[in-house]
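work-v2.pdb (PDB, C-alpha atoms, pLDDT in the B column) appears below.
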```
ATOM      1  CA  MET Y  82       0.000   0.000   0.000  1.00 88.00           C
ATOM      2  CA  GLU Y  83       2.804   2.434   0.910  1.00 94.00           C
ATOM      3  CA  LEU Y  84       4.556   1.900  -2.430  1.00 95.00           C
ATOM      4  CA  LEU Y  85       1.372   2.682  -4.336  1.00 95.00           C
ATOM      5  CA  LEU Y  86       0.647   5.815  -2.290  1.00 96.00           C
ATOM      6  CA  ALA Y  87       4.215   7.015  -2.724  1.00 97.00           C
ATOM      7  CA  PHE Y  88       3.921   6.505  -6.490  1.00 97.00           C
ATOM      8  CA  LEU Y  89       0.543   8.260  -6.724  1.00 96.00           C
ATOM      9  CA  ASN Y  90       2.013  11.188  -4.797  1.00 96.00           C
ATOM     10  CA  THR Y  91       5.151  11.654  -6.886  1.00 97.00           C
ATOM     11  CA  ARG Y  92       3.575  14.975  -7.891  1.00 94.00           C
ATOM     12  CA  ASP Y  93       3.063  17.557  -5.123  1.00 92.00           C
ATOM     13  CA  LEU Y  94       0.926  20.556  -6.094  1.00 89.00           C
ATOM     14  CA  GLU Y  95       1.628  22.498  -2.885  1.00 86.00           C
ATOM     15  CA  LEU Y  96       5.395  22.235  -3.330  1.00 89.00           C
ATOM     16  CA  GLY Y  97       5.201  22.433  -7.126  1.00 91.00           C
ATOM     17  CA  THR Y  98       7.356  19.333  -7.570  1.00 94.00           C
ATOM     18  CA  ASP Y  99       7.025  16.266  -9.758  1.00 96.00           C
ATOM     19  CA  VAL Y 100       9.404  13.319  -9.522  1.00 96.00           C
ATOM     20  CA  LEU Y 101       8.404  12.318 -13.040  1.00 96.00           C
ATOM     21  CA  ASP Y 102       9.660  15.577 -14.561  1.00 95.00           C
ATOM     22  CA  SER Y 103      13.173  14.185 -14.874  1.00 95.00           C
ATOM     23  CA  ALA Y 104      14.711  10.788 -15.446  1.00 95.00           C
ATOM     24  CA  ALA Y 105      17.274  11.462 -12.690  1.00 96.00           C
ATOM     25  CA  ALA Y 106      14.592  12.206 -10.084  1.00 96.00           C
ATOM     26  CA  TRP Y 107      12.630   9.098 -11.091  1.00 97.00           C
ATOM     27  CA  ARG Y 108      15.795   6.976 -10.925  1.00 96.00           C
ATOM     28  CA  ALA Y 109      16.516   8.337  -7.419  1.00 96.00           C
ATOM     29  CA  TRP Y 110      12.923   7.565  -6.318  1.00 97.00           C
ATOM     30  CA  VAL Y 111      13.235   3.995  -7.616  1.00 96.00           C
ATOM     31  CA  THR Y 112      16.645   3.520  -5.968  1.00 95.00           C
ATOM     32  CA  GLU Y 113      15.409   4.846  -2.587  1.00 96.00           C
ATOM     33  CA  ARG Y 114      12.797   2.087  -2.559  1.00 95.00           C
ATOM     34  CA  GLY Y 115      15.140  -0.677  -3.660  1.00 92.00           C
ATOM     35  CA  LEU Y 116      13.161  -1.364  -6.830  1.00 92.00           C
ATOM     36  CA  GLY Y 117      14.448  -2.679 -10.153  1.00 84.00           C
ATOM     37  CA  GLY Y 118      14.716  -0.912 -13.514  1.00 89.00           C
ATOM     38  CA  VAL Y 119      13.313   2.535 -14.176  1.00 90.00           C
ATOM     39  CA  GLY Y 120      11.603   1.845 -17.521  1.00 87.00           C
ATOM     40  CA  ASP Y 121      10.261   4.433 -19.939  1.00 90.00           C
ATOM     41  CA  LEU Y 122       9.408   7.725 -18.190  1.00 93.00           C
ATOM     42  CA  ALA Y 123       6.516   8.516 -20.560  1.00 91.00           C
ATOM     43  CA  GLU Y 124       4.955   5.143 -19.779  1.00 91.00           C
ATOM     44  CA  VAL Y 125       5.447   5.701 -16.040  1.00 93.00           C
ATOM     45  CA  ARG Y 126       3.687   9.087 -16.305  1.00 93.00           C
ATOM     46  CA  ALA Y 127       0.826   7.478 -18.253  1.00 90.00           C
ATOM     47  CA  VAL Y 128       0.379   4.829 -15.559  1.00 92.00           C
ATOM     48  CA  ARG Y 129       0.297   7.461 -12.804  1.00 93.00           C
ATOM     49  CA  THR Y 130      -2.260   9.496 -14.748  1.00 92.00           C
ATOM     50  CA  SER Y 131      -4.413   6.406 -15.350  1.00 90.00           C
ATOM     51  CA  LEU Y 132      -4.284   5.281 -11.731  1.00 92.00           C
ATOM     52  CA  ARG Y 133      -5.109   8.756 -10.416  1.00 92.00           C
ATOM     53  CA  ALA Y 134      -7.935   9.104 -12.962  1.00 90.00           C
ATOM     54  CA  SER Y 135      -9.386   5.812 -11.729  1.00 89.00           C
ATOM     55  CA  LEU Y 136      -9.497   7.394  -8.258  1.00 90.00           C
ATOM     56  CA  GLY Y 137     -11.502  10.326  -9.552  1.00 82.00           C
ATOM     57  CA  GLU Y 138      -8.881  12.887 -10.508  1.00 80.00           C
ATOM     58  CA  GLY Y 139      -9.630  14.653 -13.762  1.00 70.00           C
ATOM     59  CA  HIS Y 140      -6.798  15.454 -16.113  1.00 61.00           C
ATOM     60  CA  ASP Y 141      -6.228  17.748 -19.067  1.00 61.00           C
ATOM     61  CA  GLY Y 142      -5.334  16.311 -22.410  1.00 60.00           C
ATOM     62  CA  PRO Y 143      -6.045  13.020 -24.126  1.00 59.00           C
ATOM     63  CA  ASP Y 144      -6.811   9.849 -22.226  1.00 60.00           C
ATOM     64  CA  PRO Y 145      -3.644   8.174 -21.029  1.00 57.00           C
ATOM     65  CA  THR Y 146      -2.302   5.328 -23.081  1.00 58.00           C
ATOM     66  CA  PRO Y 147      -2.697   1.957 -21.374  1.00 60.00           C
ATOM     67  CA  ALA Y 148       0.576   0.631 -20.058  1.00 60.00           C
ATOM     68  CA  ALA Y 149       1.737  -2.580 -18.503  1.00 63.00           C
ATOM     69  CA  GLY Y 150       4.566  -3.604 -16.262  1.00 64.00           C
ATOM     70  CA  LEU Y 151       5.930  -7.098 -16.142  1.00 74.00           C
ATOM     71  CA  ILE Y 152       4.739  -8.961 -13.079  1.00 82.00           C
ATOM     72  CA  ARG Y 153       5.958 -12.407 -12.210  1.00 83.00           C
ATOM     73  CA  VAL Y 154       4.209 -14.859  -9.912  1.00 84.00           C
ATOM     74  CA  ASP Y 155       6.467 -17.325  -8.119  1.00 85.00           C
ATOM     75  CA  LEU Y 156       5.471 -20.201  -5.890  1.00 89.00           C
ATOM     76  CA  SER Y 157       7.470 -20.197  -2.708  1.00 84.00           C
ATOM     77  CA  HIS Y 158       6.579 -23.088  -0.403  1.00 88.00           C
ATOM     78  CA  GLY Y 159       3.261 -23.340  -2.242  1.00 87.00           C
ATOM     79  CA  VAL Y 160       2.389 -19.659  -1.724  1.00 88.00           C
ATOM     80  CA  PRO Y 161       2.062 -17.441  -4.834  1.00 86.00           C
ATOM     81  CA  LEU Y 162       4.174 -14.281  -4.571  1.00 83.00           C
ATOM     82  CA  MET Y 163       4.193 -11.411  -7.071  1.00 82.00           C
ATOM     83  CA  SER Y 164       7.487  -9.852  -8.045  1.00 81.00           C
ATOM     84  CA  SER Y 165       8.815  -7.593 -10.750  1.00 85.00           C
ATOM     85  CA  GLU Y 166      12.182  -6.639 -12.148  1.00 84.00           C
ATOM     86  CA  ASP Y 167      11.158  -3.038 -12.778  1.00 89.00           C
ATOM     87  CA  ALA Y 168       9.588  -0.276 -10.676  1.00 92.00           C
ATOM     88  CA  LEU Y 169       6.483   0.086 -12.850  1.00 92.00           C
ATOM     89  CA  GLY Y 170       5.715  -3.620 -12.549  1.00 90.00           C
ATOM     90  CA  ALA Y 171       6.130  -3.406  -8.755  1.00 91.00           C
ATOM     91  CA  VAL Y 172       3.682  -0.484  -8.586  1.00 93.00           C
ATOM     92  CA  LEU Y 173       1.149  -2.199 -10.840  1.00 91.00           C
ATOM     93  CA  GLY Y 174       1.566  -5.428  -8.866  1.00 90.00           C
ATOM     94  CA  ALA Y 175       0.794  -3.529  -5.642  1.00 91.00           C
ATOM     95  CA  ALA Y 176      -2.275  -1.959  -7.269  1.00 92.00           C
ATOM     96  CA  ALA Y 177      -3.499  -5.331  -8.548  1.00 90.00           C
ATOM     97  CA  ARG Y 178      -3.009  -6.925  -5.137  1.00 90.00           C
ATOM     98  CA  LEU Y 179      -5.007  -4.175  -3.425  1.00 92.00           C
ATOM     99  CA  ALA Y 180      -7.773  -4.455  -6.015  1.00 92.00           C
ATOM    100  CA  VAL Y 181      -7.991  -8.219  -5.472  1.00 91.00           C
ATOM    101  CA  LEU Y 182      -8.112  -7.693  -1.696  1.00 92.00           C
ATOM    102  CA  GLY Y 183     -11.013  -5.244  -2.125  1.00 92.00           C
ATOM    103  CA  SER Y 184      -9.047  -2.249  -0.844  1.00 92.00           C
ATOM    104  CA  TRP Y 185      -8.814  -0.248  -4.078  1.00 92.00           C
ATOM    105  CA  GLU Y 186     -11.988   1.745  -3.353  1.00 92.00           C
ATOM    106  CA  ARG Y 187     -10.365   3.028  -0.155  1.00 93.00           C
ATOM    107  CA  PHE Y 188      -7.764   4.919  -2.190  1.00 94.00           C
ATOM    108  CA  LYS Y 189      -8.963   8.467  -2.784  1.00 94.00           C
ATOM    109  CA  ILE Y 190      -7.805  11.855  -4.004  1.00 92.00           C
ATOM    110  CA  CYS Y 191      -8.036  14.734  -1.508  1.00 91.00           C
ATOM    111  CA  GLN Y 192     -10.891  17.065  -2.448  1.00 86.00           C
ATOM    112  CA  ALA Y 193      -9.225  20.190  -1.008  1.00 84.00           C
ATOM    113  CA  ASP Y 194      -8.451  22.930  -3.514  1.00 78.00           C
ATOM    114  CA  GLY Y 195      -4.835  22.756  -4.602  1.00 82.00           C
ATOM    115  CA  CYS Y 196      -3.975  19.506  -2.814  1.00 89.00           C
ATOM    116  CA  LEU Y 197      -5.039  16.421  -4.812  1.00 89.00           C
ATOM    117  CA  TRP Y 198      -2.905  14.183  -2.565  1.00 91.00           C
ATOM    118  CA  ALA Y 199      -3.736  10.478  -2.770  1.00 94.00           C
ATOM    119  CA  PHE Y 200      -4.576   8.819   0.546  1.00 93.00           C
ATOM    120  CA  PHE Y 201      -5.952   5.583   1.950  1.00 94.00           C
ATOM    121  CA  ASP Y 202      -9.323   6.042   3.668  1.00 92.00           C
ATOM    122  CA  ARG Y 203      -9.192   4.108   6.931  1.00 91.00           C
ATOM    123  CA  SER Y 204     -12.546   5.393   8.185  1.00 88.00           C
ATOM    124  CA  ARG Y 205     -15.122   2.772   9.046  1.00 87.00           C
ATOM    125  CA  ASN Y 206     -17.750   4.104   6.629  1.00 86.00           C
ATOM    126  CA  ARG Y 207     -15.248   5.093   3.913  1.00 80.00           C
ATOM    127  CA  SER Y 208     -16.423   8.710   3.942  1.00 79.00           C
ATOM    128  CA  ARG Y 209     -13.163  10.628   4.285  1.00 82.00           C
ATOM    129  CA  THR Y 210     -12.736  13.385   1.703  1.00 82.00           C
ATOM    130  CA  TRP Y 211      -9.471  15.032   2.780  1.00 79.00           C
ATOM    131  CA  CYS Y 212      -5.983  13.599   3.091  1.00 83.00           C
ATOM    132  CA  SER Y 213      -5.623  15.202   6.516  1.00 76.00           C
ATOM    133  CA  MET Y 214      -8.231  16.705   8.788  1.00 71.00           C
ATOM    134  CA  GLN Y 215      -5.522  18.779  10.498  1.00 70.00           C
ATOM    135  CA  VAL Y 216      -4.402  20.447   7.264  1.00 73.00           C
ATOM    136  CA  CYS Y 217      -6.773  20.189   4.296  1.00 82.00           C
ATOM    137  CA  GLY Y 218      -9.940  19.514   6.285  1.00 68.00           C
ATOM    138  CA  ASN Y 219      -9.238  22.417   8.614  1.00 70.00           C
ATOM    139  CA  ARG Y 220      -8.548  24.770   5.685  1.00 73.00           C
ATOM    140  CA  GLU Y 221     -11.755  23.770   3.896  1.00 74.00           C
ATOM    141  CA  LYS Y 222     -13.915  24.060   7.016  1.00 73.00           C
ATOM    142  CA  ALA Y 223     -12.424  27.458   7.876  1.00 73.00           C
ATOM    143  CA  ARG Y 224     -12.974  28.683   4.310  1.00 74.00           C
ATOM    144  CA  ASN Y 225     -16.595  27.471   4.346  1.00 70.00           C
ATOM    145  CA  PHE Y 226     -17.159  29.168   7.716  1.00 70.00           C
ATOM    146  CA  ARG Y 227     -15.778  32.490   6.425  1.00 74.00           C
ATOM    147  CA  GLU Y 228     -17.960  32.257   3.296  1.00 73.00           C
ATOM    148  CA  ARG Y 229     -21.116  31.535   5.330  1.00 77.00           C
ATOM    149  CA  ARG Y 230     -20.289  34.346   7.728  1.00 77.00           C
ATOM    150  CA  ALA Y 231     -19.695  36.817   4.882  1.00 78.00           C
ATOM    151  CA  LEU Y 232     -23.066  35.864   3.338  1.00 77.00           C
ATOM    152  CA  SER Y 233     -24.927  36.308   6.636  1.00 75.00           C
ATOM    153  CA  VAL Y 234     -23.360  39.746   7.232  1.00 70.00           C
ATOM    154  CA  SER Y 235     -24.285  40.979   3.748  1.00 64.00           C
TER     155      SER Y 235
END
```
What does this structure look like when you write it as structure tokens?
Amino acid sequence: MELLLAFLNTRDLELGTDVLDSAAAWRAWVTERGLGGVGDLAEVRAVRTSLRASLGEGHDGPDPTPAAGLIRVDLSHGVPLMSSEDALGAVLGAAARLAVLGSWERFKICQADGCLWAFFDRSRNRSRTWCSMQVCGNREKARNFRERRALSVS
């Protein structure tokens, strides 16, 4: 789950950074996580766009091209284990595993203006809308309060 969240959040709107803007930054990200090959950066970007779109994030431009990473299934002591020789395959393997386990619908995109951070909704009723109540939730609630107050004063 952590690998998938880290991949989905390789772009940070608040900081204005994107790991996938340069091959060197992507290579460093892959190395930090002990993953295999880096693959084609355009394909990696397309996968991130597709995964985030499946979580409800809109995007400008044409629909992303489908991409695939190589995933291998090994039997170790009779237990199937997924592995991959490249980072994209590892990310897609993690996503597939979470989908099979029924956890995919708990991945969401923060609804706060200017955030769009991906997060895993651990709430019992799966109703969380912000990545963090302390940051994004607080900002949104404060903004809504100020707007309601301004309307009632007018």
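Here atom CA of Y:Ala231 and atom CA of Y:Ser208 stand 28.3 Å from one another.
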Exercise for the section: One decimal, Å: what's the distance from atom CA of Y:Ala176 over to atom CA of Y:Val128, could you say? Expected result: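 So the two atoms, atom CA of Y:Ala176 and atom CA of Y:Val128, lie 11.0 Å apart.
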Problem - Target residues per the PyMOL selection byres ((chain Y and resi 217) around 12), formatted as a VMD selection string - result: chain Y and resid 95 190 to 198 209 to 216 218 to 224
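Nearest residue to Y:Met82, choosing from Y:Glu186, Y:Arg227, Y:Val172, Y:Asn206 and counting only C-alpha atoms: Y:Val172.
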Practice task
Run the PyMOL selection byres ((chain Y and resi 123) around 12) on the file and write out the hits as a ChimeraX atom specification.
Solution key: /Y:101-104,107,119-122,124-130,145-148,169
Handout entry: Distance criterion (only C-alpha atoms): nearest to Y:Phe88 out of Y:Ala106, Y:Ala199, Y:Leu182, Y:Met163
Key =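 Checking each of Y:Ala106, Y:Ala199, Y:Leu182, Y:Met163 against Y:Phe88, counting only C-alpha atoms, the winner is Y:Ala199.
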Practice task
For each of Y:Ser204, Y:Ala105, Y:Gly117, Y:Arg187, take the minimum atom-to-atom distance to Y:Gly170, counting only C-alpha atoms, then give the residue where this is smallest.
Solution key: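 Between Y:Ser204, Y:Ala105, Y:Gly117, Y:Arg187, the residue approaching Y:Gly170 most closely is Y:Gly117.
Minimum distance to Y:Trp110 across Y:Ala180, Y:Val160, Y:Leu136, Y:Leu84 (counting all atoms listed in the file) occurs at Y:Leu84.
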Problem - Neighbour residues at most 8 Å from (-14.5, 2.6, -0.9) (all atoms listed in the file) as a VMD selection string - result: chain Y and resid 184 to 188 202 207
Exercise for the section: Name the closest residue to Y:Val100 among the candidates Y:Gly139, Y:Gly183, Y:Ser233, Y:Ala87; distances are taken between atoms, counting all atoms listed in the file. Expected result: Y:Ala87
Handout entry: Atomic separation - atom CA of Y:Leu116 relative to atom CA of Y:Leu156, Å
Key = 20.4 Å
Practice task
Pick out the closest residue to Y:Thr91 from this set: Y:Leu232, Y:Leu162, Y:Ala171, Y:Ala109. Count only C-alpha atoms.
Solution key: Y:Ala109
Padding 8 Å on every side, please: axis-aligned box over the listed atoms of stretch 227-235 of chain Y, centre and edge lengths to one decimal in Å, as lines of an AutoDock Vina configuration file.
```
center_x = -20.4
center_y = 36.3
center_z = 5.5
size_x = 25.1
size_y = 25.4
size_z = 20.4
```
